[in-house]
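**Q** Contents of model_26.cif (mmCIF, C-alpha atoms and all ligand atoms):
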```cif
data_input
loop_
_atom_site.label_atom_id
_atom_site.label_comp_id
_atom_site.auth_asym_id
_atom_site.auth_seq_id
_atom_site.Cartn_x
_atom_site.Cartn_y
_atom_site.Cartn_z
CA MET A 1 214.18 81.57 160.09
CA THR A 2 211.58 79.04 159.00
CA THR A 3 210.50 75.85 160.73
CA SER A 4 208.39 73.02 159.36
CA SER A 5 204.74 73.16 160.32
CA PRO A 6 202.56 70.08 160.66
CA THR A 7 200.25 70.78 157.66
CA ILE A 8 198.64 67.46 156.80
CA ALA A 9 197.45 66.70 153.27
CA ARG A 10 195.82 63.51 152.01
CA PHE A 11 196.46 61.93 148.62
CA ASP A 12 194.09 59.15 147.58
CA PRO A 13 194.54 56.45 144.94
CA HIS A 14 194.12 58.16 141.59
CA PRO A 15 192.17 56.92 138.54
CA GLY A 16 194.78 58.27 136.09
CA LEU A 17 196.51 61.62 135.63
CA ARG A 18 195.90 63.21 132.22
CA GLY A 19 196.81 66.44 130.50
CA THR A 20 199.56 68.91 129.78
CA LEU A 21 201.58 70.76 132.38
CA ARG A 22 204.24 73.45 132.44
CA VAL A 23 206.27 72.76 135.57
CA PRO A 24 207.86 75.57 137.62
CA ALA A 25 211.11 77.19 136.59
CA ASP A 26 214.37 75.46 137.41
CA LYS A 27 215.53 76.13 140.97
CA SER A 28 219.27 75.67 140.32
CA ILE A 29 219.21 77.95 137.29
CA SER A 30 217.05 80.56 139.08
CA HIS A 31 219.53 80.79 141.98
CA ARG A 32 222.35 81.26 139.47
CA ALA A 33 220.39 83.78 137.38
CA ALA A 34 219.86 85.98 140.45
CA LEU A 35 223.46 85.67 141.64
CA PHE A 36 224.98 86.28 138.21
CA ALA A 37 222.69 89.26 137.65
CA ALA A 38 223.78 90.63 141.04
CA MET A 39 227.42 90.35 139.94
CA THR A 40 226.73 92.14 136.63
CA PRO A 41 226.97 95.96 136.53
CA GLU A 42 224.29 96.38 133.81
CA PRO A 43 220.58 95.58 134.37
CA VAL A 44 219.67 91.95 133.63
CA ARG A 45 216.13 90.84 132.73
CA VAL A 46 215.28 87.43 134.16
CA ARG A 47 212.24 85.77 132.64
CA ASN A 48 210.44 82.82 134.22
CA TYR A 49 212.31 83.13 137.54
CA LEU A 50 211.15 80.54 140.10
CA HIS A 51 209.01 82.18 142.77
CA ALA A 52 209.43 79.72 145.64
CA ALA A 53 210.82 79.94 149.17
CA ASP A 54 214.40 78.99 148.25
CA THR A 55 214.75 81.35 145.33
CA ASN A 56 213.00 84.16 147.23
CA SER A 57 215.79 83.78 149.80
CA THR A 58 218.28 84.40 146.99
CA LEU A 59 216.52 87.59 145.88
CA ALA A 60 216.52 88.87 149.46
CA ALA A 61 220.21 87.97 149.81
CA ILE A 62 221.31 89.78 146.65
CA GLU A 63 219.27 92.82 147.69
CA ALA A 64 221.03 92.76 151.07
CA VAL A 65 224.44 92.93 149.37
CA GLY A 66 223.56 95.78 147.04
CA ALA A 67 221.55 94.54 144.04
CA ARG A 68 218.18 96.11 143.24
CA VAL A 69 215.38 93.80 142.17
CA GLU A 70 212.39 95.16 140.28
CA ARG A 71 209.57 92.60 140.33
CA ARG A 72 207.52 93.11 137.16
CA ALA A 73 204.49 90.98 136.29
CA ASP A 74 206.30 88.83 133.72
CA GLU A 75 209.99 89.25 134.61
CA LEU A 76 212.52 90.50 137.10
CA VAL A 77 214.89 93.32 136.30
CA ILE A 78 217.98 92.99 138.46
CA ARG A 79 220.40 95.90 138.73
CA GLY A 80 223.55 94.34 140.05
CA ALA A 81 226.31 95.68 142.23
CA GLY A 82 229.12 94.52 139.89
CA LEU A 83 231.66 91.78 140.41
CA ARG A 84 233.77 93.52 143.06
CA ASN A 85 231.23 95.78 144.66
CA ALA A 86 229.05 93.71 147.02
CA HIS A 87 228.00 95.65 150.13
CA GLU A 88 228.66 94.54 153.69
CA THR A 89 225.55 93.84 155.77
CA ALA A 90 224.97 94.68 159.42
CA GLN A 91 222.57 91.76 159.84
CA PRO A 92 223.34 88.10 159.02
CA ILE A 93 222.26 87.07 155.52
CA ASP A 94 219.36 84.60 155.92
CA VAL A 95 219.69 81.79 153.35
CA GLY A 96 216.52 80.11 154.71
CA ASN A 97 216.50 76.47 153.54
CA ALA A 98 218.64 77.05 150.44
CA GLY A 99 221.88 75.04 150.31
CA THR A 100 222.70 76.32 146.83
CA LEU A 101 222.52 79.93 148.02
CA MET A 102 224.59 79.13 151.09
CA ARG A 103 227.36 77.56 148.99
CA LEU A 104 227.39 79.82 145.90
CA LEU A 105 227.03 83.30 147.42
CA PRO A 106 230.29 82.97 149.41
CA GLY A 107 232.12 82.31 146.12
CA TRP A 108 231.27 85.86 145.10
CA LEU A 109 231.62 87.58 148.49
CA ALA A 110 235.01 85.91 149.14
CA SER A 111 236.63 88.10 146.47
CA HIS A 112 236.06 91.30 148.50
CA PRO A 113 239.22 92.10 150.51
CA GLY A 114 238.63 93.62 153.94
CA GLN A 115 234.88 92.86 153.96
CA SER A 116 233.00 90.21 155.92
CA TRP A 117 229.52 88.74 156.19
CA THR A 118 227.63 86.30 158.43
CA LEU A 119 225.38 83.70 156.79
CA ASP A 120 222.72 81.71 158.62
CA GLY A 121 219.52 79.83 157.81
CA ASP A 122 216.80 77.52 159.14
CA SER A 123 217.23 74.45 161.36
CA SER A 124 217.80 72.19 158.34
CA ILE A 125 220.52 74.44 156.90
CA ARG A 126 222.28 74.46 160.28
CA ARG A 127 223.06 70.75 159.87
CA ARG A 128 224.46 71.12 156.34
CA PRO A 129 228.26 71.34 156.06
CA VAL A 130 230.11 74.40 154.80
CA ASP A 131 233.62 73.04 155.36
CA ARG A 132 233.43 71.80 151.76
CA ILE A 133 233.52 75.43 150.56
CA ALA A 134 235.62 76.75 153.44
CA GLU A 135 238.58 74.57 152.43
CA PRO A 136 238.99 75.74 148.79
CA LEU A 137 238.16 79.37 149.69
CA ARG A 138 240.81 79.25 152.44
CA ARG A 139 243.35 78.01 149.90
CA MET A 140 242.41 80.98 147.70
CA GLY A 141 243.04 83.38 150.60
CA ALA A 142 239.58 83.96 152.13
CA ARG A 143 238.53 82.71 155.57
CA ILE A 144 235.38 81.09 156.97
CA GLU A 145 234.74 80.78 160.70
CA ALA A 146 232.00 78.15 161.00
CA THR A 147 230.08 76.77 163.97
CA ASP A 148 231.96 73.66 165.16
CA GLU A 149 234.27 74.39 162.18
CA ARG A 150 231.65 72.92 159.88
CA PHE A 151 228.15 74.39 160.07
CA PRO A 152 226.17 77.63 159.77
CA PRO A 153 226.00 80.24 161.11
CA PHE A 154 229.40 81.17 159.73
CA ARG A 155 231.43 84.32 159.17
CA LEU A 156 233.12 84.84 155.80
CA HIS A 157 236.12 87.17 155.43
CA GLY A 158 236.89 88.25 151.86
CA ALA A 159 240.38 88.65 150.36
CA ASP A 160 242.27 89.27 147.16
CA LEU A 161 241.94 85.73 145.90
CA GLN A 162 244.66 83.61 144.33
CA GLY A 163 243.98 81.06 141.61
CA ILE A 164 244.09 77.39 142.60
CA GLU A 165 243.74 73.96 141.08
CA TYR A 166 241.17 72.19 143.21
CA VAL A 167 240.39 68.46 143.19
CA LEU A 168 236.81 68.13 144.42
CA PRO A 169 236.61 65.45 147.14
CA VAL A 170 232.92 64.86 146.24
CA ALA A 171 231.06 65.40 142.96
CA SER A 172 229.20 68.52 144.08
CA ALA A 173 227.94 71.16 141.67
CA GLN A 174 227.54 73.56 144.57
CA VAL A 175 231.18 73.35 145.59
CA LYS A 176 232.36 73.42 141.97
CA SER A 177 230.25 76.54 141.38
CA CYS A 178 231.53 78.29 144.49
CA VAL A 179 235.16 77.76 143.42
CA LEU A 180 234.53 78.81 139.81
CA ILE A 181 232.67 81.97 140.84
CA ALA A 182 235.53 82.88 143.18
CA GLY A 183 238.02 81.81 140.51
CA MET A 184 236.96 84.32 137.88
CA THR A 185 238.40 87.17 139.94
CA THR A 186 241.84 85.51 140.28
CA ALA A 187 244.69 86.77 138.08
CA ALA A 188 245.91 83.29 137.14
CA GLY A 189 242.49 81.66 136.73
CA THR A 190 241.23 78.63 138.64
CA THR A 191 240.71 74.96 137.75
CA VAL A 192 238.31 72.50 139.35
CA ILE A 193 238.76 68.77 138.81
CA GLU A 194 235.59 66.73 139.21
CA PRO A 195 235.54 63.07 140.31
CA ALA A 196 232.39 62.63 138.15
CA PRO A 197 230.29 65.05 136.09
CA SER A 198 227.75 67.12 138.02
CA ARG A 199 225.23 69.74 136.85
CA ASP A 200 227.00 72.39 134.76
CA HIS A 201 224.61 75.36 134.88
CA THR A 202 227.31 77.59 136.36
CA GLU A 203 229.73 76.85 133.53
CA ARG A 204 227.02 77.58 130.96
CA MET A 205 226.11 80.84 132.64
CA LEU A 206 229.75 81.90 133.01
CA ALA A 207 230.25 81.34 129.27
CA ARG A 208 227.09 83.27 128.50
CA ALA A 209 228.25 86.16 130.71
CA GLY A 210 231.56 86.38 128.86
CA ALA A 211 233.84 84.72 131.41
CA PRO A 212 236.46 82.56 129.66
CA VAL A 213 235.61 79.00 130.75
CA GLU A 214 236.89 75.76 129.26
CA ARG A 215 236.37 72.09 129.93
CA GLU A 216 238.96 69.45 129.20
CA ALA A 217 237.85 65.99 130.32
CA ASP A 218 237.26 66.26 134.09
CA ARG A 219 238.90 69.72 134.41
CA VAL A 220 236.96 72.99 134.28
CA THR A 221 239.01 76.19 134.12
CA VAL A 222 237.77 79.75 134.48
CA ARG A 223 240.04 82.68 133.65
CA HIS A 224 240.12 86.24 134.91
CA VAL A 225 237.32 88.62 134.00
CA ASP A 226 236.88 92.27 135.01
CA GLU A 227 233.10 92.41 134.77
CA LEU A 228 230.35 90.07 133.57
CA GLY A 229 228.15 91.00 130.61
CA LEU A 230 224.59 89.68 130.58
CA ASP A 231 221.35 91.24 129.39
CA ALA A 232 218.65 88.59 129.70
CA ILE A 233 218.24 85.08 131.10
CA ASP A 234 215.32 82.76 130.36
CA VAL A 235 214.88 80.08 132.99
CA PRO A 236 213.60 76.73 131.65
CA GLY A 237 211.29 74.30 133.50
CA ASP A 238 212.79 72.24 136.31
CA LEU A 239 213.41 68.57 135.57
CA SER A 240 213.60 67.91 139.32
CA SER A 241 210.02 69.20 139.69
CA ALA A 242 208.88 67.45 136.48
CA ALA A 243 210.31 64.20 137.87
CA PHE A 244 207.47 63.95 140.43
CA PHE A 245 204.96 63.95 137.58
CA VAL A 246 207.07 61.56 135.50
CA ALA A 247 206.93 59.16 138.46
CA ALA A 248 203.21 59.77 139.02
CA ALA A 249 202.39 59.09 135.36
CA VAL A 250 204.50 55.93 135.31
CA LEU A 251 203.00 54.59 138.56
CA VAL A 252 199.31 55.50 138.32
CA PRO A 253 197.43 53.21 135.89
CA GLY A 254 195.61 55.07 133.13
CA SER A 255 197.99 58.06 133.18
CA ARG A 256 199.38 59.98 130.22
CA ILE A 257 201.00 63.37 130.86
CA VAL A 258 202.82 65.87 128.67
CA LEU A 259 205.33 68.10 130.51
CA GLN A 260 206.35 71.18 128.56
CA ASP A 261 209.57 73.22 128.38
CA VAL A 262 211.53 70.93 130.66
CA ASN A 263 215.29 71.48 130.88
CA VAL A 264 217.04 68.32 129.63
CA ASN A 265 220.64 69.34 130.18
CA TRP A 266 222.30 65.89 130.24
CA THR A 267 223.89 66.63 133.62
CA ARG A 268 220.35 66.65 135.06
CA THR A 269 218.60 63.81 133.22
CA GLY A 270 220.05 60.81 135.08
CA PHE A 271 216.61 60.06 136.56
CA LEU A 272 215.03 59.77 133.11
CA ARG A 273 217.73 57.32 132.03
CA ILE A 274 217.23 55.25 135.20
CA ALA A 275 213.43 55.30 134.85
CA GLU A 276 213.70 54.21 131.21
CA ARG A 277 215.98 51.35 132.22
CA MET A 278 213.29 50.30 134.70
CA GLY A 279 210.79 50.18 131.83
CA ALA A 280 209.19 53.63 131.96
CA ILE A 281 208.15 55.18 128.68
CA VAL A 282 209.35 58.77 128.53
CA VAL A 283 209.43 60.28 125.06
CA GLY A 284 211.60 63.33 124.69
CA GLU A 285 215.05 64.44 123.77
CA LEU A 286 217.26 62.48 126.13
CA GLU A 287 220.47 62.48 124.14
CA PRO A 288 223.48 64.24 125.67
CA HIS A 289 224.06 67.78 124.47
CA GLY A 290 227.39 69.60 124.26
CA SER A 291 227.92 70.84 127.78
CA PHE A 292 229.31 74.25 126.86
CA SER A 293 226.58 75.81 124.86
CA PRO A 294 225.57 79.05 126.55
CA VAL A 295 221.95 77.90 126.39
CA GLU A 296 220.10 75.15 128.21
CA PRO A 297 218.34 72.49 126.10
CA VAL A 298 214.60 72.23 126.62
CA THR A 299 212.08 69.62 125.51
CA GLU A 300 208.61 68.19 126.01
CA LEU A 301 208.30 64.93 127.94
CA ASP A 302 205.42 62.57 127.15
CA VAL A 303 205.02 59.98 129.91
CA ALA A 304 202.67 57.04 130.26
CA HIS A 305 201.93 54.33 132.81
CA GLY A 306 203.76 51.03 132.40
CA PRO A 307 205.24 48.07 134.30
CA LEU A 308 208.66 48.42 135.93
CA ARG A 309 211.62 46.18 136.76
CA GLY A 310 214.35 46.81 139.34
CA THR A 311 217.73 48.24 138.45
CA THR A 312 221.12 49.06 139.94
CA VAL A 313 222.19 52.70 140.02
CA ALA A 314 225.96 53.00 139.82
CA ALA A 315 227.96 55.61 141.75
CA ALA A 316 228.80 57.54 138.56
CA GLU A 317 225.08 58.04 137.84
CA VAL A 318 224.40 59.48 141.28
CA PRO A 319 225.38 63.16 140.72
CA LEU A 320 223.27 63.22 137.54
CA ALA A 321 220.16 62.13 139.46
CA ILE A 322 220.98 63.23 143.01
CA ASP A 323 217.72 65.02 143.81
CA GLU A 324 215.59 62.34 142.12
CA LEU A 325 216.98 59.33 144.01
CA PRO A 326 214.00 59.38 146.43
CA LEU A 327 211.81 58.85 143.36
CA VAL A 328 214.01 55.94 142.23
CA ALA A 329 213.24 54.36 145.63
CA LEU A 330 209.52 54.92 145.05
CA LEU A 331 209.63 53.40 141.54
CA GLY A 332 211.57 50.50 143.06
CA CYS A 333 208.68 49.76 145.44
CA PHE A 334 206.39 49.24 142.43
CA ALA A 335 208.95 47.33 140.31
CA GLU A 336 209.55 43.64 139.96
CA GLY A 337 212.84 42.62 141.62
CA GLU A 338 215.44 44.62 143.46
CA THR A 339 216.50 48.24 143.00
CA VAL A 340 219.89 49.15 144.42
CA VAL A 341 221.43 52.63 144.81
CA ARG A 342 225.11 52.85 145.81
CA GLY A 343 227.65 55.63 146.18
CA ALA A 344 224.99 58.11 147.30
CA GLY A 345 226.23 59.01 150.80
CA GLU A 346 225.67 62.68 149.84
CA LEU A 347 221.94 62.02 150.31
CA ARG A 348 222.55 62.10 154.06
CA LEU A 349 223.55 65.79 153.77
CA LYS A 350 220.49 67.10 151.91
CA GLU A 351 217.49 69.00 153.33
CA SER A 352 216.94 65.88 155.44
CA ASP A 353 219.04 62.70 155.74
CA ARG A 354 217.40 61.36 152.60
CA ILE A 355 218.64 57.82 153.07
CA ALA A 356 216.95 57.58 156.46
CA THR A 357 213.84 59.64 155.67
CA VAL A 358 213.11 57.90 152.35
CA VAL A 359 213.70 54.37 153.65
CA ASP A 360 211.73 54.90 156.88
CA GLY A 361 209.02 56.89 155.10
CA LEU A 362 208.37 54.34 152.36
CA ASN A 363 208.61 51.42 154.80
CA ALA A 364 205.85 53.10 156.84
CA LEU A 365 203.67 52.98 153.70
CA GLY A 366 204.19 49.22 153.26
CA GLY A 367 207.43 49.22 151.26
CA SER A 368 210.36 46.89 151.85
CA LEU A 369 213.55 48.96 151.86
CA GLU A 370 216.90 48.70 153.62
CA ALA A 371 219.25 51.61 154.23
CA THR A 372 222.96 51.16 153.59
CA ASP A 373 225.76 53.59 154.48
CA ASP A 374 225.75 55.11 151.02
CA GLY A 375 222.34 54.26 149.54
CA PHE A 376 219.49 51.79 149.80
CA VAL A 377 218.10 48.49 148.57
CA VAL A 378 214.43 48.31 147.60
CA HIS A 379 212.67 44.95 147.38
CA GLY A 380 209.91 45.54 144.85
CA THR A 381 206.55 44.31 146.08
CA GLY A 382 204.47 45.57 143.16
CA GLY A 383 202.95 48.51 145.06
CA LEU A 384 202.42 50.36 148.32
CA CYS A 385 199.57 50.01 150.74
CA GLY A 386 199.54 53.57 152.13
CA GLY A 387 199.53 55.25 155.53
CA ARG A 388 201.28 58.34 156.87
CA ILE A 389 204.66 59.85 155.98
CA SER A 390 206.45 62.89 157.40
CA SER A 391 208.21 65.38 155.15
CA HIS A 392 210.69 66.23 157.95
CA GLY A 393 210.45 69.75 156.49
CA ASP A 394 212.06 68.47 153.25
CA HIS A 395 210.26 69.62 150.09
CA ARG A 396 211.20 66.55 148.06
CA LEU A 397 209.98 64.20 150.82
CA ALA A 398 206.62 66.00 150.90
CA MET A 399 206.11 65.57 147.15
CA LEU A 400 207.39 61.98 147.28
CA GLY A 401 204.66 61.20 149.84
CA ALA A 402 202.03 62.82 147.64
CA VAL A 403 202.99 60.77 144.56
CA ALA A 404 203.15 57.62 146.70
CA GLY A 405 199.58 58.35 147.80
CA LEU A 406 198.25 58.76 144.24
CA ALA A 407 199.76 55.37 143.32
CA SER A 408 198.97 53.57 146.60
CA ARG A 409 196.12 51.16 147.36
CA GLU A 410 194.70 53.05 150.36
CA GLY A 411 196.02 56.61 150.19
CA VAL A 412 198.73 58.53 152.02
CA GLU A 413 198.66 61.39 154.53
CA VAL A 414 201.67 63.69 154.27
CA GLU A 415 202.62 65.49 157.45
CA GLY A 416 204.34 68.81 156.68
CA MET A 417 203.11 69.12 153.08
CA ASP A 418 203.78 72.88 153.21
CA ALA A 419 207.51 72.08 152.77
CA ALA A 420 206.80 71.64 149.03
CA ALA A 421 206.75 75.44 148.75
CA VAL A 422 210.55 75.45 148.97
CA SER A 423 210.71 74.51 145.27
CA TYR A 424 207.13 73.94 144.05
CA PRO A 425 204.46 76.13 145.68
CA GLY A 426 201.73 75.09 143.17
CA PHE A 427 202.34 71.35 143.43
CA GLU A 428 198.91 70.38 144.81
CA ARG A 429 197.17 72.71 142.36
CA ASP A 430 199.01 70.99 139.48
CA ILE A 431 197.90 67.54 140.66
CA ALA A 432 194.33 68.87 140.65
CA ALA A 433 194.78 70.24 137.12
CA LEU A 434 195.86 66.80 135.87
CA SER A 435 192.88 65.20 137.60
CA ARG A 436 190.18 66.99 135.58
CA ARG A 437 188.28 64.71 133.25
C1 LIG A 501 222.54 71.87 143.30
C2 LIG A 501 223.43 70.84 143.40
C3 LIG A 501 223.16 69.60 144.14
C4 LIG A 501 221.66 69.40 144.38
C5 LIG A 501 221.01 70.65 144.88
C6 LIG A 501 221.19 71.79 143.87
C7 LIG A 501 222.93 73.09 142.58
O1 LIG A 501 223.83 69.63 145.39
O2 LIG A 501 221.45 68.36 145.30
O3 LIG A 501 219.62 70.44 145.09
O4 LIG A 501 222.06 73.92 142.24
O5 LIG A 501 224.13 73.24 142.31
P1 LIG A 501 225.38 69.20 145.50
O6 LIG A 501 226.12 69.99 144.51
O7 LIG A 501 225.82 69.54 146.89
O8 LIG A 501 225.39 67.72 145.24
#
```
Write the structure described by the file as structure tokens, please.
**A**
Amino acid sequence: MTTSSPTIARFDPHPGLRGTLRVPADKSISHRAALFAAMTPEPVRVRNYLHAADTNSTLAAIEAVGARVERRADELVIRGAGLRNAHETAQPIDVGNAGTLMRLLPGWLASHPGQSWTLDGDSSIRRRPVDRIAEPLRRMGARIEATDERFPPFRLHGADLQGIEYVLPVASAQVKSCVLIAGMTTAAGTTVIEPAPSRDHTERMLARAGAPVEREADRVTVRHVDELGLDAIDVPGDLSSAAFFVAAAVLVPGSRIVLQDVNVNWTRTGFLRIAERMGAIVVGELEPHGSFSPVEPVTELDVAHGPLRGTTVAAAEVPLAIDELPLVALLGCFAEGETVVRGAGELRLKESDRIATVVDGLNALGGSLEATDDGFVVHGTGGLCGGRISSHGDHRLAMLGAVAGLASREGVEVEGMDAAAVSYPGFERDIAALSRR
């Protein structure tokens, strides 16, 4: 188990970030690469895997259930157990802080009749709901016994799964992925109906691994497969990590940054579209791509400082920018006019309650924000004074505080900066690299 520690880091007003950066590998795709490799009977080479706390939890988890992971200098070689051959574990599987691991791994394990596993994690994961995966898995024939019927630790009992048609109550890529992974072992196939598009890395990886997967409007269907076939996966750079530097470049006068090899899958680039609407200049390939190519589109982003105006983020945009909405709040503080985010109640269920932590955190730095049930309203005041913000053990809050400090008038102290290591262990080093003249 991990707990947040009170590491304090200070970020002073910056004279302008300049240079070229390759951001860390995508966290969502790394989790999936490890899980898919673990389900594949042949060895899979994974290049540019993210080495961060969350994705290390996934490697440990797949090793616990029977995969072998060879850590070479430039790649991982994962020898999987095969689709129906995960091993039972005597000890609980520790998912650490990783919600994606907690919600995707059961999709695989659920298809093992007569076997069961316990999953648990840190104090943040213990307040994140698993009933959203328990319900569809129960309808498929598996069973989850959760704490208070909703939270980890929980016990998962596998079964011979039956295909279902599942209408997602919330636009969640994690739940969609769990059901699709479970669905590929069902004889009749399984369909998920999404209320709005969400990240589609699982669908792309299923297609690449030879599982028959089709999209028709809001319906994604996966059909039966005996075994997956994959040989190599290249993980692109993480737009969610790049987004902190997009925001920093836009907010800090004198900045101009080039971010290389960033994944611009259209189901992830909502933040770039919102930032552009606010006036940010981000050059790169932002056009939608066909969502069923087995590859992920990658581009270079070239970002410069510029003035911003407020905007309204509609509910349908939320899943496409879910992890970047704290940065929309930060941009809103520096914009002219009001920035409104609605339909984002899911933020309350992230690594922290991100409506409360973002609104309170930025208000403590001199911002003017109001929380609503399902989002926030930011009254742009042209900047932030500075002060102290707590990460609450949430990696994205820690990095938000750091960027706020670089753009502030008096600097920001971030309490619990070490949380950044969940997705971006080299974050402070990369700020330093863009600070060299
Ligand atoms: C993720 C999906 C999103 C996102 C999370 C990663 C994924 O969660 O917030 O950081 O890798 O599928 P939800 O699907 O629960 O919205």
**Q** Within 7 Å of Gly332 of chain A, counting all atoms listed in the file, which residues show up once you throw out same-chain ones fewer than 5 positions away? Write them as a JSON list (two decimals) with C-alpha atoms, keeping the file's coordinate frame, please.
**A**
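Saved the output as out-v7.json:
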```json
[["chain", "number", "residue", "atom", "x", "y", "z"],
["A", 310, "GLY", "CA", 214.35, 46.81, 139.34],
["A", 339, "THR", "CA", 216.50, 48.24, 143.00],
["A", 378, "VAL", "CA", 214.43, 48.31, 147.60],
["A", 380, "GLY", "CA", 209.91, 45.54, 144.85]]
```
**Q** Set the cut-off to 10 Å, count only C-alpha atoms and all ligand atoms, and list whatever residues fall near ligand LIG 501 (chain A) as a CSV table (one decimal) with C-alpha atoms, keeping the file's coordinate frame.
**A**
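Wrote result-v8.csv, looks like this:
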```csv
chain,number,residue,atom,x,y,z
A,26,ASP,CA,214.4,75.5,137.4
A,27,LYS,CA,215.5,76.1,141.0
A,28,SER,CA,219.3,75.7,140.3
A,29,ILE,CA,219.2,78.0,137.3
A,30,SER,CA,217.0,80.6,139.1
A,31,HIS,CA,219.5,80.8,142.0
A,32,ARG,CA,222.4,81.3,139.5
A,98,ALA,CA,218.6,77.0,150.4
A,99,GLY,CA,221.9,75.0,150.3
A,100,THR,CA,222.7,76.3,146.8
A,101,LEU,CA,222.5,79.9,148.0
A,103,ARG,CA,227.4,77.6,149.0
A,104,LEU,CA,227.4,79.8,145.9
A,128,ARG,CA,224.5,71.1,156.3
A,129,PRO,CA,228.3,71.3,156.1
A,132,ARG,CA,233.4,71.8,151.8
A,170,VAL,CA,232.9,64.9,146.2
A,171,ALA,CA,231.1,65.4,143.0
A,172,SER,CA,229.2,68.5,144.1
A,173,ALA,CA,227.9,71.2,141.7
A,174,GLN,CA,227.5,73.6,144.6
A,175,VAL,CA,231.2,73.4,145.6
A,176,LYS,CA,232.4,73.4,142.0
A,177,SER,CA,230.2,76.5,141.4
A,178,CYS,CA,231.5,78.3,144.5
A,198,SER,CA,227.8,67.1,138.0
A,199,ARG,CA,225.2,69.7,136.8
A,200,ASP,CA,227.0,72.4,134.8
A,201,HIS,CA,224.6,75.4,134.9
A,202,THR,CA,227.3,77.6,136.4
A,240,SER,CA,213.6,67.9,139.3
A,268,ARG,CA,220.4,66.6,135.1
A,318,VAL,CA,224.4,59.5,141.3
A,319,PRO,CA,225.4,63.2,140.7
A,320,LEU,CA,223.3,63.2,137.5
A,321,ALA,CA,220.2,62.1,139.5
A,322,ILE,CA,221.0,63.2,143.0
A,323,ASP,CA,217.7,65.0,143.8
A,324,GLU,CA,215.6,62.3,142.1
A,344,ALA,CA,225.0,58.1,147.3
A,346,GLU,CA,225.7,62.7,149.8
A,347,LEU,CA,221.9,62.0,150.3
A,349,LEU,CA,223.6,65.8,153.8
A,350,LYS,CA,220.5,67.1,151.9
A,351,GLU,CA,217.5,69.0,153.3
A,396,ARG,CA,211.2,66.6,148.1
A,423,SER,CA,210.7,74.5,145.3
```
**Q** Could you pull out every residue with an atom within 12 Å of (217.2, 95.1, 140.8), file coordinates, counting all atoms listed in the file, and send them as a PyMOL selection string?
**A** chain A and resi 34-35+37-46+59-72+75-82
**Q** Would you please work out which residue, of A:Gly158, A:Gly163, A:Gly16, A:Pro197, is nearest to Arg436 of chain A when using all atoms listed in the file?
**A**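 For Arg436 of chain A, the nearest of the candidates is A:Gly16.
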**Q** For each of A:Leu17, A:Leu137, A:Ile144, A:Leu239, take the minimum atom-to-atom distance to Gln162 of chain A, counting only C-alpha atoms, then give the residue where this is smallest.
**A**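 Smallest separation from Gln162 of chain A among the options: A:Leu137.
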**Q** Rank nothing, just name the residue among A:Leu272, A:Ala432, A:Val313, A:Leu362 nearest to Glu338 of chain A, using all atoms listed in the file.
**A** A:Val313
**Q** As an exercise, work out the distance from atom CA of Leu330 of chain A to atom CA of Leu259 of chain A in Å and give it to one decimal place.
**A**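 Value for the atom CA of Leu330 of chain A-atom CA of Leu259 of chain A distance: 20.1 Å.
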**Q** Which residues, written as a list in words, have at least one atom at most 7 Å from Ala371 of chain A, with all atoms listed in the file counted and residues fewer than 2 positions away on the same chain left out?
**A**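 Returned residues: Ile355, Ala356, Val359, Leu369, Asp373, Gly375, Phe376 and Val377 of chain A.
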**Q** Please identify all polymer residues within 9 Å of Val192 of chain A, counting all atoms listed in the file, omitting same-chain residues fewer than 2 positions from it, and present them as a PyMOL selection string.
**A** chain A and resi 164-168+176+179-180+190+194+218-222
**Q** Quote the spacing between atom CA of Ala420 of chain A and atom CA of Asp54 of chain A in Å to one decimal place.
**A**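 Between atom CA of Ala420 of chain A and atom CA of Asp54 of chain A the gap works out to 10.6 Å.
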**Q** When distances are computed from only C-alpha atoms, which of A:Leu331, A:Thr20, A:Pro113, A:Ser391 shows the smallest separation from Leu434 of chain A?
**A**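 Answer, going by the shortest atom-to-atom distance: A:Thr20.
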**Q** Dump as a list in words all residues having an atom at most 10 Å from (217.5, 63.6, 130.2), computed in the file's coordinates with all atoms listed in the file.
**A**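 Output of the proximity query reads Leu239, Val262, Asn263, Val264, Asn265, Trp266, Thr267, Arg268, Thr269, Gly270, Phe271, Leu272, Arg273, Ile274, Val282, Gly284, Glu285, Leu286, Glu287, Pro288, His289, Pro297, Val298, Thr299, Leu301, Leu320 and Ala321 of chain A.
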**Q** Output as an mmCIF file, keeping the file's coordinate frame: segment 47-51 of chain A, completed with N, CA and C atoms.
**A**
```
data_model
loop_
_atom_site.group_PDB
_atom_site.id
_atom_site.type_symbol
_atom_site.label_atom_id
_atom_site.label_comp_id
_atom_site.auth_asym_id
_atom_site.auth_seq_id
_atom_site.Cartn_x
_atom_site.Cartn_y
_atom_site.Cartn_z
ATOM 1 N N ARG A 47 213.619 86.204 132.933
ATOM 2 C CA ARG A 47 212.240 85.770 132.640
ATOM 3 C C ARG A 47 212.036 84.367 133.183
ATOM 4 N N ASN A 48 210.824 84.125 133.673
ATOM 5 C CA ASN A 48 210.440 82.820 134.220
ATOM 6 C C ASN A 48 211.294 82.441 135.436
ATOM 7 N N TYR A 49 211.599 83.413 136.279
ATOM 8 C CA TYR A 49 212.310 83.130 137.540
ATOM 9 C C TYR A 49 211.387 82.293 138.429
ATOM 10 N N LEU A 50 211.957 81.355 139.183
ATOM 11 C CA LEU A 50 211.150 80.540 140.100
ATOM 12 C C LEU A 50 210.753 81.365 141.324
ATOM 13 N N HIS A 51 209.449 81.496 141.554
ATOM 14 C CA HIS A 51 209.010 82.180 142.770
ATOM 15 C C HIS A 51 208.633 81.112 143.808
#
```
